[in-house]
Structure formats: C-alpha cells, structure tokens
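Engineer: Coordinates in data14.cif, mmCIF, C-alpha atoms, are listed below.
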data_upload
loop_
_atom_site.label_atom_id
_atom_site.label_comp_id
_atom_site.auth_asym_id
_atom_site.auth_seq_id
_atom_site.Cartn_x
_atom_site.Cartn_y
_atom_site.Cartn_z
CA MET A 19 16.04 -11.76 -10.82
CA HIS A 20 17.13 -11.34 -7.21
CA VAL A 21 14.46 -9.28 -5.44
CA LEU A 22 14.90 -7.84 -1.97
CA VAL A 23 11.61 -7.18 -0.14
CA ALA A 24 11.64 -4.62 2.68
CA GLY A 25 8.55 -5.19 4.78
CA ALA A 26 8.33 -8.87 3.86
CA THR A 27 5.99 -9.83 6.70
CA GLY A 28 3.34 -7.13 6.27
CA ALA A 29 -0.15 -7.65 4.86
CA VAL A 30 1.13 -7.41 1.28
CA GLY A 31 4.64 -8.73 1.87
CA ARG A 32 3.51 -12.06 3.32
CA LEU A 33 1.62 -12.78 0.09
CA LEU A 34 4.21 -11.20 -2.17
CA VAL A 35 7.22 -13.29 -1.17
CA PRO A 36 5.66 -16.65 -2.21
CA MET A 37 4.38 -15.07 -5.44
CA LEU A 38 7.87 -13.85 -6.32
CA LEU A 39 9.32 -17.30 -5.61
CA ASN A 40 6.63 -18.95 -7.74
CA ALA A 41 7.50 -16.53 -10.55
CA GLY A 42 11.06 -17.85 -10.49
CA HIS A 43 12.76 -14.98 -8.66
CA GLN A 44 15.39 -15.32 -5.96
CA VAL A 45 14.02 -13.50 -2.90
CA THR A 46 15.54 -12.00 0.23
CA GLY A 47 13.13 -10.60 2.79
CA ILE A 48 13.93 -7.99 5.42
CA SER A 49 12.30 -8.13 8.85
CA ARG A 50 13.01 -6.32 12.10
CA SER A 51 12.28 -9.33 14.31
CA ALA A 52 13.53 -12.87 14.74
CA SER A 53 9.99 -14.20 14.38
CA GLY A 54 9.67 -12.28 11.12
CA LEU A 55 12.88 -13.84 9.83
CA GLU A 56 11.53 -17.29 10.55
CA GLN A 57 8.26 -16.43 8.81
CA VAL A 58 10.16 -15.40 5.68
CA ARG A 59 12.40 -18.46 5.73
CA ARG A 60 9.41 -20.80 5.95
CA THR A 61 8.41 -19.62 2.47
CA GLY A 62 11.76 -20.73 1.05
CA ALA A 63 13.19 -17.21 0.76
CA SER A 64 16.34 -15.90 2.40
CA ALA A 65 15.94 -13.45 5.26
CA VAL A 66 18.00 -10.70 6.87
CA GLN A 67 17.25 -8.66 9.98
CA ALA A 68 17.31 -4.86 9.81
CA ASP A 69 15.44 -1.76 10.92
CA ALA A 70 14.77 0.60 8.01
CA LEU A 71 15.40 3.60 10.26
CA ASP A 72 18.91 2.34 11.08
CA ARG A 73 20.95 3.63 8.14
CA ASP A 74 24.06 1.54 8.80
CA GLY A 75 22.02 -1.54 9.65
CA MET A 76 20.06 -1.28 6.42
CA ARG A 77 23.23 -0.90 4.41
CA ASN A 78 24.78 -3.92 6.12
CA ALA A 79 21.67 -5.98 5.32
CA VAL A 80 21.28 -4.94 1.67
CA MET A 81 24.89 -4.81 0.48
CA PRO A 82 25.73 -8.54 0.86
CA ALA A 83 22.45 -9.53 -0.84
CA GLU A 84 23.38 -7.66 -4.05
CA PRO A 85 19.76 -7.52 -5.28
CA ASP A 86 18.78 -6.64 -8.83
CA ALA A 87 15.56 -5.01 -7.64
CA VAL A 88 14.10 -3.78 -4.36
CA VAL A 89 10.47 -3.78 -3.22
CA HIS A 90 9.44 -1.27 -0.54
CA GLN A 91 6.48 -2.45 1.57
CA LEU A 92 7.47 -0.60 4.76
CA THR A 93 4.69 0.86 6.93
CA ALA A 94 3.71 0.96 10.60
CA LEU A 95 0.01 0.73 9.78
CA SER A 96 -0.55 -2.51 11.66
CA ASN A 97 -0.29 -0.28 14.75
CA ALA A 98 -2.20 2.59 13.09
CA ASP A 99 0.86 4.76 13.59
CA GLY A 100 0.73 7.50 10.99
CA GLU A 101 3.78 9.34 12.33
CA ALA A 102 5.94 6.21 12.25
CA THR A 103 4.69 5.39 8.76
CA ASN A 104 5.69 8.85 7.57
CA ARG A 105 9.18 8.33 9.04
CA LEU A 106 9.45 5.07 7.13
CA ARG A 107 8.29 6.79 3.94
CA LYS A 108 10.89 9.50 4.37
CA GLU A 109 13.87 8.22 6.36
CA GLY A 110 13.30 4.55 5.67
CA THR A 111 13.03 5.11 1.93
CA ARG A 112 16.19 7.22 1.95
CA ASN A 113 18.10 4.50 3.79
CA LEU A 114 16.73 1.75 1.54
CA VAL A 115 17.43 3.61 -1.72
CA ASP A 116 20.96 4.56 -0.69
CA ALA A 117 21.72 0.99 0.34
CA ALA A 118 20.15 -0.43 -2.82
CA LYS A 119 22.15 1.89 -5.09
CA SER A 120 25.37 1.02 -3.28
CA ALA A 121 24.55 -2.67 -3.70
CA GLY A 122 24.08 -2.26 -7.45
CA ALA A 123 20.29 -2.56 -7.62
CA ARG A 124 18.77 -0.75 -10.57
CA SER A 125 15.03 -0.78 -9.89
CA ILE A 126 12.55 -0.29 -7.07
CA VAL A 127 8.82 -0.79 -6.60
CA VAL A 128 7.26 1.13 -3.71
CA GLN A 129 3.94 0.86 -1.90
CA SER A 130 2.18 4.21 -2.28
CA ILE A 131 -1.49 5.24 -1.95
CA SER A 132 -4.25 6.37 -4.29
CA TRP A 133 -6.01 8.87 -1.99
CA ALA A 134 -3.28 11.53 -1.90
CA TYR A 135 -4.50 13.31 -5.05
CA GLU A 136 -5.74 16.89 -5.06
CA PRO A 137 -9.52 17.34 -4.70
CA GLY A 138 -11.80 16.77 -7.67
CA GLU A 139 -15.03 15.18 -8.81
CA ALA A 140 -13.94 12.28 -11.06
CA PRO A 141 -11.73 9.34 -10.05
CA ALA A 142 -8.10 10.44 -10.31
CA ASP A 143 -5.70 9.09 -12.87
CA GLU A 144 -1.94 9.34 -12.53
CA THR A 145 -1.76 12.74 -14.25
CA VAL A 146 -3.59 14.39 -11.34
CA PRO A 147 -1.15 16.18 -8.98
CA LEU A 148 -0.76 15.17 -5.36
CA ASP A 149 -2.65 17.28 -2.83
CA VAL A 150 0.37 19.36 -1.80
CA THR A 151 -1.76 22.27 -0.54
CA ALA A 152 -3.76 20.14 1.89
CA GLU A 153 -4.08 21.22 5.50
CA GLN A 154 -2.86 19.18 8.44
CA PRO A 155 -3.08 16.34 9.29
CA ARG A 156 -3.56 15.32 5.64
CA ALA A 157 -0.61 17.49 4.61
CA GLY A 158 1.81 15.33 6.59
CA MET A 159 0.61 12.17 4.88
CA VAL A 160 0.83 13.72 1.40
CA ASP A 161 4.31 15.05 2.15
CA GLY A 162 5.42 11.60 3.21
CA ILE A 163 4.11 10.10 -0.03
CA GLN A 164 5.71 12.79 -2.18
CA THR A 165 9.08 12.42 -0.44
CA MET A 166 8.99 8.63 -0.73
CA GLU A 167 8.17 8.68 -4.44
CA GLU A 168 10.77 11.36 -5.20
CA THR A 169 13.46 9.45 -3.30
CA ALA A 170 12.58 6.20 -5.06
CA ALA A 171 12.82 8.01 -8.41
CA GLU A 172 16.59 8.31 -7.87
CA MET A 173 16.84 4.66 -8.93
CA ASP A 174 17.21 3.86 -12.64
CA THR A 175 13.65 2.52 -12.67
CA ALA A 176 11.11 3.39 -9.98
CA VAL A 177 7.46 2.33 -9.98
CA SER A 178 5.17 3.80 -7.34
CA LEU A 179 2.13 1.57 -6.90
CA ARG A 180 -0.65 3.76 -5.58
CA PHE A 181 -2.79 1.17 -3.84
CA GLY A 182 -6.42 1.65 -2.99
CA ILE A 183 -7.56 0.93 0.55
CA LEU A 184 -6.23 -2.54 1.25
CA TYR A 185 -8.68 -5.17 2.44
CA GLY A 186 -8.39 -8.91 2.90
CA PRO A 187 -6.41 -11.11 5.33
CA GLY A 188 -4.07 -9.19 7.60
CA THR A 189 -5.75 -5.81 7.08
CA TRP A 190 -7.93 -3.63 9.27
CA TYR A 191 -10.94 -4.52 7.11
CA ALA A 192 -10.81 -8.29 7.64
CA PRO A 193 -13.24 -10.05 10.02
CA GLY A 194 -12.13 -9.50 13.59
CA GLY A 195 -9.98 -6.54 12.60
CA ALA A 196 -9.84 -2.91 13.70
CA VAL A 197 -12.64 -1.73 11.39
CA ALA A 198 -15.07 -4.30 12.77
CA ALA A 199 -14.19 -3.15 16.28
CA ALA A 200 -14.62 0.51 15.38
CA LEU A 201 -18.00 -0.06 13.72
CA SER A 202 -19.11 -2.01 16.78
CA GLY A 203 -18.24 0.94 19.02
CA ASP A 204 -15.16 -0.48 20.70
CA PRO A 205 -13.47 2.56 22.34
CA ALA A 206 -10.10 0.78 22.17
CA ALA A 207 -10.25 0.45 18.37
CA HIS A 208 -7.47 2.49 16.84
CA LEU A 209 -7.09 2.96 13.10
CA LEU A 210 -6.54 5.61 10.46
CA ALA A 211 -9.63 5.24 8.31
CA TYR A 212 -12.68 7.18 7.15
CA LEU A 213 -15.79 5.12 7.88
CA GLU A 214 -18.60 7.60 7.28
CA ALA A 215 -21.50 6.35 5.15
CA ASP A 216 -21.58 9.58 3.15
CA ARG A 217 -20.82 10.72 -0.40
CA SER A 218 -17.03 10.55 -0.05
CA VAL A 219 -15.61 8.20 -2.70
CA THR A 220 -13.11 5.42 -1.96
CA SER A 221 -11.21 2.94 -4.13
CA PHE A 222 -10.31 -0.46 -2.68
CA VAL A 223 -7.92 -3.25 -3.64
CA HIS A 224 -7.62 -6.75 -2.20
CA VAL A 225 -4.17 -7.50 -0.75
CA ALA A 226 -3.70 -10.45 -3.12
CA ASP A 227 -4.34 -8.20 -6.12
CA ALA A 228 -1.90 -5.65 -4.70
CA ALA A 229 0.76 -8.35 -4.33
CA ARG A 230 0.20 -9.59 -7.90
CA ALA A 231 0.56 -6.03 -9.18
CA THR A 232 3.87 -5.75 -7.33
CA VAL A 233 5.24 -8.82 -9.08
CA ALA A 234 4.10 -7.45 -12.46
CA ALA A 235 5.56 -4.00 -11.74
CA LEU A 236 9.09 -5.40 -11.74
CA ASP A 237 8.77 -5.25 -15.54
CA TRP A 238 7.02 -1.87 -15.78
CA PRO A 239 8.54 1.50 -16.71
CA SER A 240 9.03 4.23 -14.11
CA GLY A 241 6.18 6.28 -12.74
CA PRO A 242 3.08 6.08 -10.56
CA VAL A 243 0.37 3.50 -11.26
CA ASN A 244 -2.98 3.26 -9.47
CA ILE A 245 -3.72 -0.26 -8.24
CA VAL A 246 -7.42 -0.26 -7.40
CA ASP A 247 -10.48 -2.33 -8.19
CA ASP A 248 -13.03 -1.43 -10.86
CA GLU A 249 -15.60 0.34 -8.67
CA PRO A 250 -14.77 3.60 -6.86
CA SER A 251 -17.79 4.11 -4.62
CA GLU A 252 -19.39 6.43 -2.10
CA GLY A 253 -19.29 5.52 1.56
CA ARG A 254 -23.07 5.29 1.69
CA GLN A 255 -22.72 2.38 -0.77
CA TRP A 256 -19.76 0.43 0.59
CA VAL A 257 -19.92 1.04 4.35
CA PRO A 258 -23.22 -0.85 4.87
CA VAL A 259 -21.96 -3.77 2.75
CA LEU A 260 -18.73 -3.95 4.75
CA ALA A 261 -20.58 -3.70 8.06
CA ASP A 262 -22.88 -6.54 7.05
CA ALA A 263 -19.91 -8.71 6.03
CA LEU A 264 -18.26 -8.02 9.39
CA GLY A 265 -21.42 -8.52 11.43
CA ALA A 266 -21.22 -4.95 12.71
CA PRO A 267 -23.74 -2.08 12.71
CA ALA A 268 -23.41 0.48 9.93
CA PRO A 269 -23.33 4.21 10.76
CA ALA A 270 -26.26 6.32 9.62
CA ALA A 271 -26.10 7.53 6.03
CA GLY A 272 -25.02 11.12 5.46
CA SER A 273 -24.75 13.60 2.60
CA GLU A 274 -21.33 15.11 3.32
CA ARG A 275 -18.36 14.59 1.01
CA GLN A 276 -14.66 15.04 1.65
CA SER A 277 -13.40 16.90 -1.44
CA TRP A 278 -10.21 14.80 -1.63
CA ALA A 279 -12.16 11.53 -1.48
CA ARG A 280 -12.61 11.00 -5.22
CA GLY A 281 -11.42 7.44 -5.83
CA ALA A 282 -8.96 6.45 -8.54
CA SER A 283 -8.88 4.97 -12.03
CA ASN A 284 -7.08 1.70 -12.81
CA SER A 285 -6.95 2.26 -16.58
CA LEU A 286 -3.16 2.54 -16.71
CA ALA A 287 -2.58 -0.67 -14.77
CA ARG A 288 -5.07 -2.51 -16.96
CA SER A 289 -3.30 -1.23 -20.07
CA ARG A 290 -0.14 -2.93 -18.75
CA GLY A 291 -1.88 -6.28 -18.35
CA TRP A 292 -2.84 -6.20 -14.67
CA GLN A 293 -6.44 -6.74 -13.70
CA PRO A 294 -7.90 -7.41 -10.28
CA ASP A 295 -9.21 -10.87 -9.46
CA HIS A 296 -11.45 -9.10 -6.95
CA THR A 297 -13.03 -6.61 -9.35
CA THR A 298 -15.30 -5.04 -6.76
CA TRP A 299 -15.56 -4.67 -3.01
CA ARG A 300 -19.22 -5.72 -3.35
CA THR A 301 -18.21 -9.37 -3.51
CA GLY A 302 -14.71 -9.02 -2.10
CA PHE A 303 -15.75 -7.97 1.41
CA ALA A 304 -17.70 -11.18 1.91
CA GLN A 305 -14.79 -13.32 0.69
CA GLN A 306 -12.16 -12.04 3.14
CA GLY A 307 -10.20 -14.24 5.48
CA PRO A 308 -9.50 -13.29 9.12
CA THR A 309 -6.79 -10.88 10.26
#
Could you write out this file's structure as structure tokens?

Structural biologist:
Amino acid sequence: MHVLVAGATGAVGRLLVPMLLNAGHQVTGISRSASGLEQVRRTGASAVQADALDRDGMRNAVMPAEPDAVVHQLTALSNADGEATNRLRKEGTRNLVDAAKSAGARSIVVQSISWAYEPGEAPADETVPLDVTAEQPRAGMVDGIQTMEETAAEMDTAVSLRFGILYGPGTWYAPGGAVAAALSGDPAAHLLAYLEADRSVTSFVHVADAARATVAALDWPSGPVNIVDDEPSEGRQWVPVLADALGAPAPAAGSERQSWARGASNSLARSRGWQPDHTTWRTGFAQQGPT
C-alpha cells in the first residue's frame, strides 16, 4: 500500500514512517521544511514539501503521489499552540481530505484525542458523545476534534485514533521537556497540560504504541478508537511518579476533580488485536528517552 503521512516529522510521525516501511508499505511523508524533508528521506521514504493550510500547495503535493491511504498527524503542539492546532484540525484536514480524494485515496487515519468526551465517572468508551456543550476554552478544542473527525469521515474509510496523553521521546513529558520545566517552576515553560495532583483521571499512551496502532489502523473499519494504556489514573497517583522520573518536584496533592477528566477504555482497540507494549505509565515514565 502507498501511504502518505502528513506530519511525518512529529513525535508520532518520526516513529511511524519507519514502522510503515518495515511493514512493507511505500511511504511518502509531508513536511513544511527542507530539514523535515531530509529527515523523512533518511528513513528511506519519499518526501514532499507542503503546508497543510495552503490548499493549492497541499493538492499539488498529494496529487502526484497517488496514495492509497493517508495518515493525518498534523498538530502545532510542539509549540503548545492550541489555536494553530485547531486550524490544522479544521482547515488542514479539509485541505488534506480534498486533496486525498482527488488523488484517488480511499482511506484515512487521523490523530485524535481521548479527553474530548462529555463528563462522567467511568473511563469513556467510543460510544460516549464528545463534550459539545463544554465552555471555552475547552469548547474550541472539542469543536476542532469534531470537525476533523467529521471531515475525515468523508473518505470511504476513516479511522479516528483517539490517543491518550502522549509521552515518550519527542513529547512534553520526556526528560528535559516542557513538563519537567513546568514542574520545576520555570516561568518560560509553555504547554497545554493539566498537571494537578488531584482526582482528575488521565489516560496515557507511549508514542511508540500510538505509532504501532496507526500502522494497524490501516486495516481497521471506520470509526473512533481509543488508543490508551491499561491504567487510567488520578493525578494524585501519576503526577508524583512522573515528577520523580523527571527529577522535578511534585505539586501538593489535592481533592478536586475536573468532571471531563475521566480517562478512556482501550477495550475496542484490544479487540482488534492492538495492545500497548507500555501497559502502564507506572513503568513507562521511567523508560522514556529525551525530547
């Protein structure tokens, strides 16, 4: 299969491209920069330069590739830019889907998130609705996710992988990353993360497990699938463990709980044959590589 990866040099994309090649796929990676193109080519994949927000540029990049499937890993989260990420989820997805359909691609796998569900007590499965009545600023994020998934669903087959919080090399949560700086009190640390050691529940997934799920999802039927580890946990459990792994002080424990912070179930993904190598953040945090 010829797979086109948009966002090929991101935290997931940089692991995904070699995995796709090892699985026997032909791969073309999209990057905005010349250095990104070189990074993709070093893996043995083809590379094309395009900005997802440039409609004509995206079309000109995708059409000659004639991919069978497209993978959407576009975010601006390396810069903690929520507004830019929402533009990519809306405008970027529209441009990518239109270009992919014109090029004859039939399927798409998109990077979504598992903490956009409506509030509740138990970890959410994929039947739980998105939190469309949320107040700002959460409402903007949920709207971006909903628009992205609905746009992707215009393809013949569209799988929305609702990742847990990504950790591992290249993420905010890796040693030397933005979370370590924030926990250490660095006023210049800038990230979009909830780091309170309270009763709010989070689901995590290692970037390598997220990349492996993306490869597998090329053969899955349409719909959302949570890609998370086996242990949704309260902040008062995971924050101290993460802080210790990063050599940073942990915030004081609290008893508050964000109603939307419920974690997610990975039962559906497991039923399709995927299982995380990093089954829990408890051991995964200590095994991370640097950013």

Engineer: Applied to this file, what does the PyMOL selection byres ((chain A and resi 127-129) around 6) return in terms of residues, put as a PyMOL selection string?

Structural biologist: chain A and resi 89-91+126+130+176-179

Engineer: Just how far from CA of Pro294 in chain A is CA of Pro242 in chain A, in Å to one decimal?

Structural biologist: 17.4 Å

Engineer: When distances are computed from only C-alpha atoms, which of A:Ala226, A:Ala215, A:Ala231, A:Ala282 shows the smallest separation from Leu260 in chain A?

Structural biologist: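 Going through A:Ala226, A:Ala215, A:Ala231, A:Ala282 one by one, the smallest distance to Leu260 in chain A is for A:Ala215.
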
Engineer: Using the file's own x, y and z axes, so that the box edges lie along x, y and z, what centre and edge lengths in Å (one decimal) does a box around every listed atom of range 40-48 of chain A get when 8 Å is added on each side? Give it as lines of an AutoDock Vina configuration file.

Structural biologist:
center_x = 11.1
center_y = -13.5
center_z = -2.6
size_x = 24.9
size_y = 27.0
size_z = 32.0

Engineer: Pick from A:Met159, A:Met37, A:Ile131, A:Ala26: nearest to Leu55 in chain A, with all atoms listed in the file counted?

Structural biologist: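 Looking only at the distances to Leu55 in chain A, the closest residue turns out to be A:Ala26.
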
Engineer: Looking at A:Asp295, A:Asp116, A:Asp74, A:Asp69, which one is nearest to Ala229 in chain A, with distances taken over only C-alpha atoms?

Structural biologist: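 Using only C-alpha atoms, the shortest distance to Ala229 in chain A belongs to A:Asp295.
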
Engineer: Taking (-1.4, 22.2, -2.4) in the file's coordinates as the center, which residues reach within 10 Å of it, counting all atoms listed in the file, put as a PyMOL selection string?

Structural biologist: chain A and resi 135-137+147-153+157+160

Engineer: Might you spell out which residues the PyMOL selection byres ((chain A and resi 195-209) around 9) would select in the displayed file, as a PyMOL selection string?

Structural biologist: chain A and resi 95-99+188-194+210-211+213+260-261+264-269+308-309

Engineer: Any chance you could export the current selection's C-alpha atoms as an mmCIF file, in the coordinates of the input?

Structural biologist:
data_model
loop_
_atom_site.group_PDB
_atom_site.id
_atom_site.type_symbol
_atom_site.label_atom_id
_atom_site.label_comp_id
_atom_site.auth_asym_id
_atom_site.auth_seq_id
_atom_site.Cartn_x
_atom_site.Cartn_y
_atom_site.Cartn_z
ATOM 1 C CA LEU A 95 0.010 0.730 9.780
ATOM 2 C CA SER A 96 -0.550 -2.510 11.660
ATOM 3 C CA ASN A 97 -0.290 -0.280 14.750
ATOM 4 C CA ALA A 98 -2.200 2.590 13.090
ATOM 5 C CA ASP A 99 0.860 4.760 13.590
ATOM 6 C CA GLY A 188 -4.070 -9.190 7.600
ATOM 7 C CA THR A 189 -5.750 -5.810 7.080
ATOM 8 C CA TRP A 190 -7.930 -3.630 9.270
ATOM 9 C CA TYR A 191 -10.940 -4.520 7.110
ATOM 10 C CA ALA A 192 -10.810 -8.290 7.640
ATOM 11 C CA PRO A 193 -13.240 -10.050 10.020
ATOM 12 C CA GLY A 194 -12.130 -9.500 13.590
ATOM 13 C CA LEU A 210 -6.540 5.610 10.460
ATOM 14 C CA ALA A 211 -9.630 5.240 8.310
ATOM 15 C CA LEU A 213 -15.790 5.120 7.880
ATOM 16 C CA LEU A 260 -18.730 -3.950 4.750
ATOM 17 C CA ALA A 261 -20.580 -3.700 8.060
ATOM 18 C CA LEU A 264 -18.260 -8.020 9.390
ATOM 19 C CA GLY A 265 -21.420 -8.520 11.430
ATOM 20 C CA ALA A 266 -21.220 -4.950 12.710
ATOM 21 C CA PRO A 267 -23.740 -2.080 12.710
ATOM 22 C CA ALA A 268 -23.410 0.480 9.930
ATOM 23 C CA PRO A 269 -23.330 4.210 10.760
ATOM 24 C CA PRO A 308 -9.500 -13.290 9.120
ATOM 25 C CA THR A 309 -6.790 -10.880 10.260
#

Engineer: Just checking: using all atoms listed in the file, which residue out of A:Pro82, A:Pro187, A:Gly182, A:Pro250 ends up closest to Gly28 in chain A?

Structural biologist: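 So, comparing all the options, the nearest one is A:Pro187.
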
Engineer: Please, what distance in Å, to one decimal, runs between CA of Met81 in chain A and CA of Ala102 in chain A?

Structural biologist: 24.9 Å

Engineer: Work out how far CA of Val246 in chain A is from CA of Thr27 in chain A, in Å to one decimal.

Structural biologist: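 If I compute the distance from CA of Thr27 in chain A to CA of Val246 in chain A, I get 21.7 Å.
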
Engineer: I'd like to see the residues matched by the PyMOL selection byres ((chain A and resi 44) around 7) on this file, and ideally I'd get them as a PyMOL selection string.

Structural biologist: chain A and resi 19-21+39+42-43+45
